[in-house]
Amino acid sequence: MIISKQAISRRTVLRGVGATLALPLLDRMLPASTALARAAAAPVTRFCTVYVPNSIVMDRWTPTTEGTGFEFTPTLKALEPFRDHLLVLSGLDNTGARSRSGASGAHAKPAGAFMTGIEPLPTTGSSSLQLGISMDQIVANTLGQETPLPSLELGLEGADTVNGVGTCDVGFSCAYQNRLAWGGPSTPLPVETNPRVVFDRLFGNIDSTDPDVRRARLHRQGSIIDSVLDKVDRLQGGLGQRDRAKLDEYLQSVREIERRLQNAEAQGRELPLVESPAGIPVSYDEHARLMFDMQALALQTDTTRVITFQIGREQSGATYPQIGVSDSHHPISHHGGDKNKIASLAKINAYHTTLFAYFLEKLATTRDGDARLLDNVITLYGSAISEGNSHDIRNLPILLAGGGSGLVKGGRHVKYPDQTQRLTNLQLTLLNKLGIPTEAFGDSTGEQLQELAGV
């Protein structure tokens, strides 16, 4: 690699043995010309989705007042430090999940429609899958053309085969509940749950899926940072003080994630490559933090601009003893008015937002040019079902987090009148804000929500 005083490419990578290390946005990546620098420094907007399953206790989620002065409810309390970057949206309906076929699909339909706006129909096997391209993949087809990875599809639970994994609605493919991202009507995209595999996709060149081969290769390679250290030294010699500090911070983040992965593997806690065990992976908190940390790094290095993350699949049977909930998540969501079950479900809901707050904090403390990652990300957080007993698809728990490069104005709670607004109209609006001209999406009415920009 030749270092000169000219601007270096935004796509510059450092290559070592079995490693490819992308770089964060540095000042040296901007042209010297003021006009060109302004154009090159224009913020790059990223889009993320974070999905939580099995409904929400809505009176613990929904703020009681609208506008800028809303108070944070118990479920949203962990997100209060990010008030200015939060837009809570009440009254959005998952109308794409309405039953037009007559079949039940109490979880398959809401989950399948959440990112597509289309009702899943009963299936007899993978060959009869029929849904539609999901919103995130429409974004990836445009924004992803400029990044090494068009998108990432990640999760904390297994169930990574199309059919026959976990509990699924009778007559429907498990794909409708297991996967949010669809590349086309019959193409559900696999969800990766293993932090090591994600790390290798971002920073390594290890292609084998055999765990023993991967471990041996990693052992020979040692640290990814060590394998490119000579190139790092050469690069730093041509950087200014601010760039050197930024690069050091980034390298420390990569090394820390690698250390945590190696520590987990040394203790025999490596997650399986295909399916996570039923229930909770060992050290659930660490699993979640690792996955969120790597998402932040992927966005920071512009390795991808589109991420879909499933904290859980619909009908998830996970238990959460770490917060005092030992009963299975899905049965708890069918609480039947039982106060103890409602309290347990509310604990799970609040726990999930605490995990999300960790991600937002990571974005808030990561520089992205002259701004922060949080300023340039739009994250859609929510669930496809509002009330678990009746599988209600009205008035979903939905919020947007991040500034979206100025496209979204936070610090507000916006409430739409009951049964007047569709989730797909929000998604249609986001597509257009992300620079993807779209007239219709799923079952949208074509209406764009001007409230996102505070109008």
# chains A, B, ... in the order shown; residues from 1 in each chain; ligands from 1
>>> residues_around(residues="Val13 of chain A", least_positions_apart="3", cutoff="8 Å", atoms="only C-alpha atoms", output="mmCIF file with C-alpha atoms, in the first residue's frame")
data_model
loop_
_atom_site.group_PDB
_atom_site.id
_atom_site.type_symbol
_atom_site.label_atom_id
_atom_site.label_comp_id
_atom_site.auth_asym_id
_atom_site.auth_seq_id
_atom_site.Cartn_x
_atom_site.Cartn_y
_atom_site.Cartn_z
ATOM 1 C CA THR A 20 -9.277 -7.859 5.613
ATOM 2 C CA LEU A 21 -9.662 -4.827 7.857
ATOM 3 C CA ALA A 22 -11.876 -2.003 6.608
ATOM 4 C CA LEU A 23 -11.272 1.488 7.961
#
>>> residues_around(residues="Val198 of chain A", least_positions_apart="5", cutoff="10 Å", atoms="only C-alpha atoms", output="mmCIF file with N, CA and C atoms, in the first residue's frame")
data_model
loop_
_atom_site.group_PDB
_atom_site.id
_atom_site.type_symbol
_atom_site.label_atom_id
_atom_site.label_comp_id
_atom_site.auth_asym_id
_atom_site.auth_seq_id
_atom_site.Cartn_x
_atom_site.Cartn_y
_atom_site.Cartn_z
ATOM 1 N N LEU A 152 -26.683 -7.071 6.210
ATOM 2 C CA LEU A 152 -26.446 -8.118 7.200
ATOM 3 C C LEU A 152 -27.780 -8.513 7.810
ATOM 4 N N GLU A 153 -28.011 -9.812 7.963
ATOM 5 C CA GLU A 153 -29.216 -10.325 8.606
ATOM 6 C C GLU A 153 -28.768 -11.139 9.823
ATOM 7 N N LEU A 154 -29.036 -10.618 11.002
ATOM 8 C CA LEU A 154 -28.502 -11.192 12.226
ATOM 9 C C LEU A 154 -29.612 -11.492 13.230
ATOM 10 N N GLU A 192 -27.893 -14.999 10.664
ATOM 11 C CA GLU A 192 -26.676 -15.464 11.333
ATOM 12 C C GLU A 192 -26.719 -15.103 12.814
ATOM 13 N N THR A 193 -26.500 -16.102 13.662
ATOM 14 C CA THR A 193 -26.561 -15.898 15.107
ATOM 15 C C THR A 193 -25.208 -16.036 15.787
ATOM 16 N N PHE A 203 -14.231 -9.092 8.969
ATOM 17 C CA PHE A 203 -12.801 -8.814 9.052
ATOM 18 C C PHE A 203 -11.893 -9.941 8.558
ATOM 19 N N GLY A 204 -12.438 -11.114 8.301
ATOM 20 C CA GLY A 204 -11.573 -12.227 7.942
ATOM 21 C C GLY A 204 -11.873 -12.803 6.585
ATOM 22 N N LEU A 290 -22.087 -8.458 21.932
ATOM 23 C CA LEU A 290 -21.165 -8.732 20.828
ATOM 24 C C LEU A 290 -21.835 -8.461 19.480
ATOM 25 N N MET A 291 -23.062 -8.921 19.342
ATOM 26 C CA MET A 291 -23.759 -8.726 18.069
ATOM 27 C C MET A 291 -23.997 -7.242 17.795
ATOM 28 N N MET A 294 -20.638 -5.497 16.853
ATOM 29 C CA MET A 294 -20.211 -5.752 15.477
ATOM 30 C C MET A 294 -21.088 -5.028 14.465
ATOM 31 N N GLN A 295 -22.351 -4.822 14.807
ATOM 32 C CA GLN A 295 -23.191 -4.005 13.935
ATOM 33 C C GLN A 295 -22.663 -2.581 13.873
ATOM 34 N N ALA A 298 -19.603 -2.549 11.701
ATOM 35 C CA ALA A 298 -19.958 -2.704 10.285
ATOM 36 C C ALA A 298 -20.458 -1.390 9.707
#
>>> closest_atom_pairs(of="segment 121-149 of chain A", to="segment 102-116 of chain A", cutoff="7 Å", atoms="only C-alpha atoms", output="Markdown table")
| residue | atom | partner | partner_atom | distance |
| --- | --- | --- | --- | --- |
| A:Gly132 | CA | A:Thr116 | CA | 5.9 |
| A:Ile133 | CA | A:Thr116 | CA | 6.1 |
| A:Ser134 | CA | A:Thr116 | CA | 4.4 |
| A:Met135 | CA | A:Met115 | CA | 5.6 |
>>> write_last_selection(atoms="N, CA, C and O atoms", output="PDB file, in the first residue's frame")
ATOM      1  N   GLY A 132     -42.898 -11.472  -0.467  1.00  0.00           N
ATOM      2  CA  GLY A 132     -42.500 -10.310  -1.262  1.00  0.00           C
ATOM      3  C   GLY A 132     -41.179  -9.785  -0.762  1.00  0.00           C
ATOM      4  O   GLY A 132     -40.727 -10.134   0.326  1.00  0.00           O
ATOM      5  N   ILE A 133     -40.521  -8.937  -1.527  1.00  0.00           N
ATOM      6  CA  ILE A 133     -39.259  -8.353  -1.099  1.00  0.00           C
ATOM      7  C   ILE A 133     -39.509  -7.449   0.099  1.00  0.00           C
ATOM      8  O   ILE A 133     -40.492  -6.701   0.154  1.00  0.00           O
ATOM      9  N   SER A 134     -38.640  -7.547   1.081  1.00  0.00           N
ATOM     10  CA  SER A 134     -38.803  -6.752   2.302  1.00  0.00           C
ATOM     11  C   SER A 134     -38.190  -5.372   2.125  1.00  0.00           C
ATOM     12  O   SER A 134     -37.328  -5.147   1.267  1.00  0.00           O
ATOM     13  N   MET A 135     -38.643  -4.449   2.959  1.00  0.00           N
ATOM     14  CA  MET A 135     -38.201  -3.066   2.846  1.00  0.00           C
ATOM     15  C   MET A 135     -36.681  -2.942   2.952  1.00  0.00           C
ATOM     16  O   MET A 135     -36.041  -2.203   2.187  1.00  0.00           O
TER      17      MET A 135
END
>>> residues_around(residues="Ile398 of chain A", least_positions_apart="2", cutoff="9 Å", atoms="only C-alpha atoms", output="PyMOL selection string")
chain A and resi 87-92+380-383+395-396+400+423
>>> residues_around(residues="segment 347-354 of chain A", least_positions_apart="2", cutoff="9 Å", atoms="only C-alpha atoms", output="ChimeraX atom specification")
/A:52,55-57,60-61,74-79,311,320,323-325,329,342-345,356-359
>>> write_last_selection(atoms="C-alpha atoms", output="PDB file, in the first residue's frame")
ATOM      1  CA  VAL A  52     -38.651  -8.005  19.197  1.00  0.00           C
ATOM      2  CA  SER A  55     -46.012  -8.606  21.589  1.00  0.00           C
ATOM      3  CA  ILE A  56     -45.573  -5.782  24.116  1.00  0.00           C
ATOM      4  CA  VAL A  57     -47.479  -4.757  27.228  1.00  0.00           C
ATOM      5  CA  ARG A  60     -46.096   0.031  29.868  1.00  0.00           C
ATOM      6  CA  TRP A  61     -44.804   1.093  26.434  1.00  0.00           C
ATOM      7  CA  PRO A  74     -41.266   1.852  32.259  1.00  0.00           C
ATOM      8  CA  THR A  75     -40.534  -0.117  29.076  1.00  0.00           C
ATOM      9  CA  LEU A  76     -38.944   2.848  27.285  1.00  0.00           C
ATOM     10  CA  LYS A  77     -37.111   4.229  30.334  1.00  0.00           C
ATOM     11  CA  ALA A  78     -33.707   2.832  29.311  1.00  0.00           C
ATOM     12  CA  LEU A  79     -33.904   4.909  26.121  1.00  0.00           C
ATOM     13  CA  ILE A 311     -33.687 -10.243  19.053  1.00  0.00           C
ATOM     14  CA  TYR A 320     -34.778 -14.934  30.908  1.00  0.00           C
ATOM     15  CA  ILE A 323     -33.956 -10.853  34.947  1.00  0.00           C
ATOM     16  CA  GLY A 324     -35.993 -13.228  37.095  1.00  0.00           C
ATOM     17  CA  VAL A 325     -38.234 -14.655  34.350  1.00  0.00           C
ATOM     18  CA  HIS A 329     -41.602 -16.019  26.556  1.00  0.00           C
ATOM     19  CA  ILE A 342     -48.150  -9.459  32.550  1.00  0.00           C
ATOM     20  CA  ALA A 343     -45.429  -8.336  34.959  1.00  0.00           C
ATOM     21  CA  SER A 344     -43.049 -10.969  33.551  1.00  0.00           C
ATOM     22  CA  LEU A 345     -43.800  -9.945  29.974  1.00  0.00           C
ATOM     23  CA  PHE A 356     -31.234  -1.673  22.433  1.00  0.00           C
ATOM     24  CA  ALA A 357     -30.054   1.228  24.600  1.00  0.00           C
ATOM     25  CA  TYR A 358     -26.616  -0.402  24.683  1.00  0.00           C
ATOM     26  CA  PHE A 359     -26.561  -0.279  20.878  1.00  0.00           C
TER      27      PHE A 359
END
>>> atom_distance(atom1="atom CA of Thr429 of chain A", atom2="atom CA of Glu447 of chain A")
7.8 Å
>>> select_by_dssp(residues="segment 43-214 of chain A", states="strand (DSSP E or B)", output="PyMOL selection string")
chain A and resi 46-51+67+86-90+92-93+152-155+182-184+187-188+192+204
>>> write_last_selection(atoms="N, CA, C and O atoms", output="short mmCIF file (atom, residue, chain, number, x, y, z; two decimals), in the first residue's frame")
data_model
loop_
_atom_site.label_atom_id
_atom_site.label_comp_id
_atom_site.auth_asym_id
_atom_site.auth_seq_id
_atom_site.Cartn_x
_atom_site.Cartn_y
_atom_site.Cartn_z
N ARG A 46 -27.50 5.30 7.14
CA ARG A 46 -27.65 3.85 7.24
C ARG A 46 -29.04 3.52 7.77
O ARG A 46 -29.66 4.33 8.45
N PHE A 47 -29.49 2.30 7.45
CA PHE A 47 -30.82 1.87 7.91
C PHE A 47 -30.71 0.53 8.64
O PHE A 47 -30.14 -0.43 8.12
N CYS A 48 -31.27 0.48 9.84
CA CYS A 48 -31.28 -0.74 10.64
C CYS A 48 -32.70 -1.06 11.10
O CYS A 48 -33.53 -0.17 11.25
N THR A 49 -32.94 -2.34 11.31
CA THR A 49 -34.18 -2.79 11.92
C THR A 49 -33.84 -3.67 13.10
O THR A 49 -32.98 -4.56 12.99
N VAL A 50 -34.47 -3.42 14.23
CA VAL A 50 -34.32 -4.27 15.41
C VAL A 50 -35.71 -4.76 15.79
O VAL A 50 -36.60 -3.96 16.10
N TYR A 51 -35.88 -6.07 15.75
CA TYR A 51 -37.21 -6.68 15.94
C TYR A 51 -37.28 -7.44 17.25
O TYR A 51 -36.36 -8.19 17.61
N GLY A 67 -46.27 14.75 21.61
CA GLY A 67 -45.38 15.90 21.41
C GLY A 67 -44.03 15.73 22.07
O GLY A 67 -43.58 14.63 22.36
N LEU A 86 -35.07 10.02 19.42
CA LEU A 86 -36.16 9.03 19.43
C LEU A 86 -37.45 9.65 18.91
O LEU A 86 -37.83 10.76 19.31
N LEU A 87 -38.12 8.93 18.05
CA LEU A 87 -39.44 9.31 17.58
C LEU A 87 -40.37 8.12 17.84
O LEU A 87 -40.28 7.09 17.15
N VAL A 88 -41.20 8.23 18.86
CA VAL A 88 -42.14 7.16 19.22
C VAL A 88 -43.41 7.36 18.39
O VAL A 88 -43.99 8.45 18.39
N LEU A 89 -43.83 6.31 17.69
CA LEU A 89 -44.98 6.40 16.78
C LEU A 89 -46.08 5.45 17.24
O LEU A 89 -45.89 4.23 17.25
N SER A 90 -47.21 5.99 17.63
CA SER A 90 -48.35 5.19 18.07
C SER A 90 -49.45 5.23 17.02
O SER A 90 -49.62 6.23 16.31
N LEU A 92 -49.89 2.92 14.47
CA LEU A 92 -49.59 2.29 13.19
C LEU A 92 -50.07 0.84 13.20
O LEU A 92 -49.80 0.10 14.15
N ASP A 93 -50.78 0.44 12.16
CA ASP A 93 -51.35 -0.91 12.08
C ASP A 93 -50.61 -1.77 11.07
O ASP A 93 -50.22 -1.29 9.99
N LEU A 152 -26.68 -7.07 6.21
CA LEU A 152 -26.45 -8.12 7.20
C LEU A 152 -27.78 -8.51 7.81
O LEU A 152 -28.59 -7.64 8.15
N GLU A 153 -28.01 -9.81 7.96
CA GLU A 153 -29.22 -10.33 8.61
C GLU A 153 -28.77 -11.14 9.82
O GLU A 153 -28.18 -12.21 9.67
N LEU A 154 -29.04 -10.62 11.00
CA LEU A 154 -28.50 -11.19 12.23
C LEU A 154 -29.61 -11.49 13.23
O LEU A 154 -30.73 -10.99 13.11
N GLY A 155 -29.28 -12.30 14.23
CA GLY A 155 -30.26 -12.62 15.27
C GLY A 155 -29.60 -13.20 16.50
O GLY A 155 -28.39 -13.49 16.50
N TRP A 182 -36.46 -10.60 3.18
CA TRP A 182 -36.80 -11.40 2.01
C TRP A 182 -36.24 -10.72 0.77
O TRP A 182 -36.56 -9.56 0.47
N GLY A 183 -35.41 -11.46 0.02
CA GLY A 183 -34.84 -10.92 -1.20
C GLY A 183 -35.80 -10.94 -2.36
O GLY A 183 -35.58 -10.31 -3.38
N GLY A 184 -36.90 -11.67 -2.23
CA GLY A 184 -37.92 -11.78 -3.26
C GLY A 184 -39.06 -12.62 -2.71
O GLY A 184 -39.02 -13.07 -1.56
N THR A 187 -37.71 -15.95 -1.44
CA THR A 187 -36.31 -15.96 -1.02
C THR A 187 -36.12 -15.35 0.35
O THR A 187 -35.70 -14.18 0.49
N PRO A 188 -36.43 -16.10 1.42
CA PRO A 188 -36.11 -15.61 2.77
C PRO A 188 -34.60 -15.69 3.00
O PRO A 188 -33.96 -16.66 2.61
N GLU A 192 -27.89 -15.00 10.66
CA GLU A 192 -26.68 -15.46 11.33
C GLU A 192 -26.72 -15.10 12.81
O GLU A 192 -26.96 -13.95 13.17
N GLY A 204 -12.44 -11.11 8.30
CA GLY A 204 -11.57 -12.23 7.94
C GLY A 204 -11.87 -12.80 6.58
O GLY A 204 -12.85 -12.44 5.93
#
>>> residues_around(residues="His334 of chain A", least_positions_apart="3", cutoff="7 Å", atoms="only C-alpha atoms", output="short mmCIF file (atom, residue, chain, number, x, y, z; two decimals) with all heavy atoms, in the first residue's frame")
data_model
loop_
_atom_site.label_atom_id
_atom_site.label_comp_id
_atom_site.auth_asym_id
_atom_site.auth_seq_id
_atom_site.Cartn_x
_atom_site.Cartn_y
_atom_site.Cartn_z
N HIS A 330 -43.14 -17.01 24.92
CA HIS A 330 -44.38 -17.05 24.17
C HIS A 330 -45.60 -17.36 25.04
O HIS A 330 -46.61 -16.63 24.98
CB HIS A 330 -44.28 -18.05 23.01
CG HIS A 330 -45.54 -18.18 22.22
ND1 HIS A 330 -46.09 -19.39 21.87
CD2 HIS A 330 -46.39 -17.24 21.71
CE1 HIS A 330 -47.20 -19.20 21.19
NE2 HIS A 330 -47.40 -17.90 21.08
N PRO A 331 -45.58 -18.40 25.88
CA PRO A 331 -46.74 -18.63 26.76
C PRO A 331 -47.06 -17.46 27.68
O PRO A 331 -48.23 -17.17 27.94
CB PRO A 331 -46.33 -19.87 27.55
CG PRO A 331 -45.37 -20.59 26.67
CD PRO A 331 -44.60 -19.50 25.98
N GLY A 388 -50.62 -9.75 22.95
CA GLY A 388 -50.35 -11.15 22.68
C GLY A 388 -51.55 -12.07 22.76
O GLY A 388 -51.62 -13.06 22.03
N ASN A 389 -52.48 -11.79 23.66
CA ASN A 389 -53.63 -12.70 23.82
C ASN A 389 -54.41 -12.86 22.52
O ASN A 389 -54.77 -13.96 22.14
CB ASN A 389 -54.57 -12.17 24.91
CG ASN A 389 -54.13 -12.61 26.29
OD1 ASN A 389 -53.67 -13.73 26.49
ND2 ASN A 389 -54.24 -11.70 27.24
#
>>> select_by_dssp(residues="segment 57-195 of chain A", states="alpha helix (DSSP H)", output="CSV table (one decimal) with N, CA and C atoms, in the first residue's frame")
chain,number,residue,atom,x,y,z
A,58,MET,N,-48.7,-2.9,26.2
A,58,MET,CA,-48.7,-1.6,25.6
A,58,MET,C,-48.9,-0.5,26.6
A,59,ASP,N,-49.6,-0.7,27.7
A,59,ASP,CA,-49.7,0.4,28.7
A,59,ASP,C,-48.4,0.7,29.4
A,60,ARG,N,-47.4,-0.2,29.3
A,60,ARG,CA,-46.1,0.0,29.9
A,60,ARG,C,-45.1,0.6,28.8
A,61,TRP,N,-45.6,0.6,27.6
A,61,TRP,CA,-44.8,1.1,26.4
A,61,TRP,C,-45.2,2.5,26.0
A,108,ALA,N,-47.4,-16.2,12.0
A,108,ALA,CA,-46.7,-16.2,10.7
A,108,ALA,C,-47.2,-14.9,9.9
A,109,LYS,N,-48.4,-14.6,10.0
A,109,LYS,CA,-48.9,-13.5,9.2
A,109,LYS,C,-48.3,-12.1,9.7
A,110,PRO,N,-48.4,-11.8,10.9
A,110,PRO,CA,-47.9,-10.5,11.4
A,110,PRO,C,-46.3,-10.5,11.1
A,111,ALA,N,-45.6,-11.6,11.5
A,111,ALA,CA,-44.2,-11.5,11.3
A,111,ALA,C,-43.8,-11.4,9.8
A,112,GLY,N,-44.5,-12.2,8.9
A,112,GLY,CA,-44.2,-12.1,7.5
A,112,GLY,C,-44.5,-10.8,6.9
A,113,ALA,N,-45.5,-10.1,7.4
A,113,ALA,CA,-45.9,-8.9,6.8
A,113,ALA,C,-45.2,-7.7,7.4
A,114,PHE,N,-44.5,-7.9,8.5
A,114,PHE,CA,-43.8,-6.7,9.2
A,114,PHE,C,-42.9,-5.9,8.3
A,135,MET,N,-38.6,-4.4,3.0
A,135,MET,CA,-38.2,-3.1,2.8
A,135,MET,C,-36.7,-2.9,3.0
A,136,ASP,N,-36.1,-3.7,3.9
A,136,ASP,CA,-34.6,-3.6,4.1
A,136,ASP,C,-33.9,-4.0,2.8
A,137,GLN,N,-34.4,-5.0,2.1
A,137,GLN,CA,-33.7,-5.4,0.9
A,137,GLN,C,-33.9,-4.5,-0.3
A,138,ILE,N,-35.0,-3.8,-0.3
A,138,ILE,CA,-35.2,-2.7,-1.3
A,138,ILE,C,-34.1,-1.6,-1.0
A,139,VAL,N,-33.9,-1.3,0.3
A,139,VAL,CA,-32.8,-0.4,0.6
A,139,VAL,C,-31.4,-0.9,0.2
A,140,ALA,N,-31.2,-2.2,0.5
A,140,ALA,CA,-29.9,-2.8,0.2
A,140,ALA,C,-29.6,-2.8,-1.3
A,141,ASN,N,-30.7,-3.0,-2.1
A,141,ASN,CA,-30.5,-3.0,-3.5
A,141,ASN,C,-30.0,-1.7,-4.1
A,142,THR,N,-30.2,-0.6,-3.3
A,142,THR,CA,-29.7,0.7,-3.7
A,142,THR,C,-28.4,1.1,-2.9
A,143,LEU,N,-28.5,1.2,-1.6
A,143,LEU,CA,-27.4,1.6,-0.8
A,143,LEU,C,-26.3,0.6,-0.7
A,175,ALA,N,-40.4,-20.2,7.7
A,175,ALA,CA,-39.7,-19.1,7.2
A,175,ALA,C,-40.4,-17.8,7.5
A,176,TYR,N,-41.7,-17.8,7.6
A,176,TYR,CA,-42.5,-16.5,7.8
A,176,TYR,C,-42.2,-16.0,9.2
A,177,GLN,N,-41.9,-16.9,10.1
A,177,GLN,CA,-41.7,-16.5,11.5
A,177,GLN,C,-40.2,-16.3,11.8
A,178,ASN,N,-39.4,-17.1,11.1
A,178,ASN,CA,-37.9,-17.1,11.4
A,178,ASN,C,-37.2,-16.0,10.8
A,195,PRO,N,-21.6,-15.0,16.7
A,195,PRO,CA,-20.7,-13.8,16.6
A,195,PRO,C,-19.4,-14.0,15.9
>>> residues_around(residues="Arg412 of chain A", least_positions_apart="2", cutoff="12 Å", atoms="only C-alpha atoms", output="PyMOL selection string")
chain A and resi 63+65-72+80+82-90+399-401+408-410+414-415+451-455
>>> atom_distance(atom1="atom CA of Gly158 of chain A", atom2="atom CA of Val191 of chain A")
7.9 Å
>>> residues_around(residues="Thr445 of chain A", least_positions_apart="5", cutoff="12 Å", atoms="only C-alpha atoms", output="ChimeraX atom specification")
/A:95-96,117,420-429,438-440
>>> write_last_selection(atoms="C-alpha atoms", output="tab-separated table (two decimals), in the first residue's frame")
chain	number	residue	atom	x	y	z
A	95	THR	CA	-52.55	-4.14	7.93
A	96	GLY	CA	-50.54	-6.34	5.60
A	117	GLY	CA	-46.56	-5.42	3.94
A	420	THR	CA	-56.13	5.40	10.32
A	421	GLN	CA	-52.48	4.75	9.55
A	422	ARG	CA	-50.50	1.83	8.19
A	423	LEU	CA	-47.03	0.59	9.03
A	424	THR	CA	-46.37	0.33	5.30
A	425	ASN	CA	-46.92	4.08	4.91
A	426	LEU	CA	-44.11	4.61	7.41
A	427	GLN	CA	-41.90	2.25	5.43
A	428	LEU	CA	-42.84	3.95	2.17
A	429	THR	CA	-41.85	7.28	3.73
A	438	THR	CA	-41.12	4.72	-4.24
A	439	GLU	CA	-44.81	5.19	-4.96
A	440	ALA	CA	-46.11	2.02	-3.34
>>> closest_residue(among="A:Gly317, A:Gly238, A:Gly403, A:Pro43", to="Glu157 of chain A", atoms="only C-alpha atoms")
A:Gly317
>>> decode(residues="segment 62-73 of chain A", atoms="N, CA, C and O atoms", output="compact mmCIF listing (two decimals), in the first residue's frame")
# COMPACT_ATOMS: atom_id res chain seq x y z
N THR A 62 -46.50 2.75 25.83
CA THR A 62 -47.00 3.95 25.18
C THR A 62 -46.97 5.17 26.11
O THR A 62 -47.58 5.15 27.19
N PRO A 63 -46.29 6.24 25.73
CA PRO A 63 -46.34 7.48 26.52
C PRO A 63 -47.77 8.00 26.61
O PRO A 63 -48.58 7.85 25.69
N THR A 64 -48.10 8.62 27.73
CA THR A 64 -49.47 9.10 27.94
C THR A 64 -49.72 10.44 27.28
O THR A 64 -50.87 10.83 27.08
N THR A 65 -48.65 11.16 26.94
CA THR A 65 -48.82 12.47 26.29
C THR A 65 -48.10 12.47 24.94
O THR A 65 -47.18 11.69 24.71
N GLU A 66 -48.56 13.36 24.07
CA GLU A 66 -47.96 13.48 22.75
C GLU A 66 -46.99 14.66 22.71
O GLU A 66 -46.91 15.46 23.64
N GLY A 67 -46.27 14.75 21.61
CA GLY A 67 -45.38 15.90 21.41
C GLY A 67 -44.03 15.73 22.07
O GLY A 67 -43.58 14.63 22.36
N THR A 68 -43.39 16.87 22.32
CA THR A 68 -42.01 16.86 22.82
C THR A 68 -41.89 16.64 24.32
O THR A 68 -40.83 16.27 24.80
N GLY A 69 -42.96 16.85 25.06
CA GLY A 69 -42.85 16.76 26.51
C GLY A 69 -43.25 15.42 27.09
O GLY A 69 -43.48 15.31 28.29
N PHE A 70 -43.29 14.37 26.27
CA PHE A 70 -43.76 13.07 26.77
C PHE A 70 -42.82 12.51 27.83
O PHE A 70 -41.62 12.76 27.82
N GLU A 71 -43.40 11.76 28.76
CA GLU A 71 -42.62 11.09 29.80
C GLU A 71 -42.33 9.65 29.37
O GLU A 71 -43.17 8.99 28.76
N PHE A 72 -41.16 9.19 29.71
CA PHE A 72 -40.77 7.84 29.34
C PHE A 72 -41.46 6.82 30.25
O PHE A 72 -41.43 6.93 31.47
N THR A 73 -42.08 5.85 29.61
CA THR A 73 -42.78 4.79 30.32
C THR A 73 -41.77 3.76 30.85
O THR A 73 -40.60 3.78 30.47
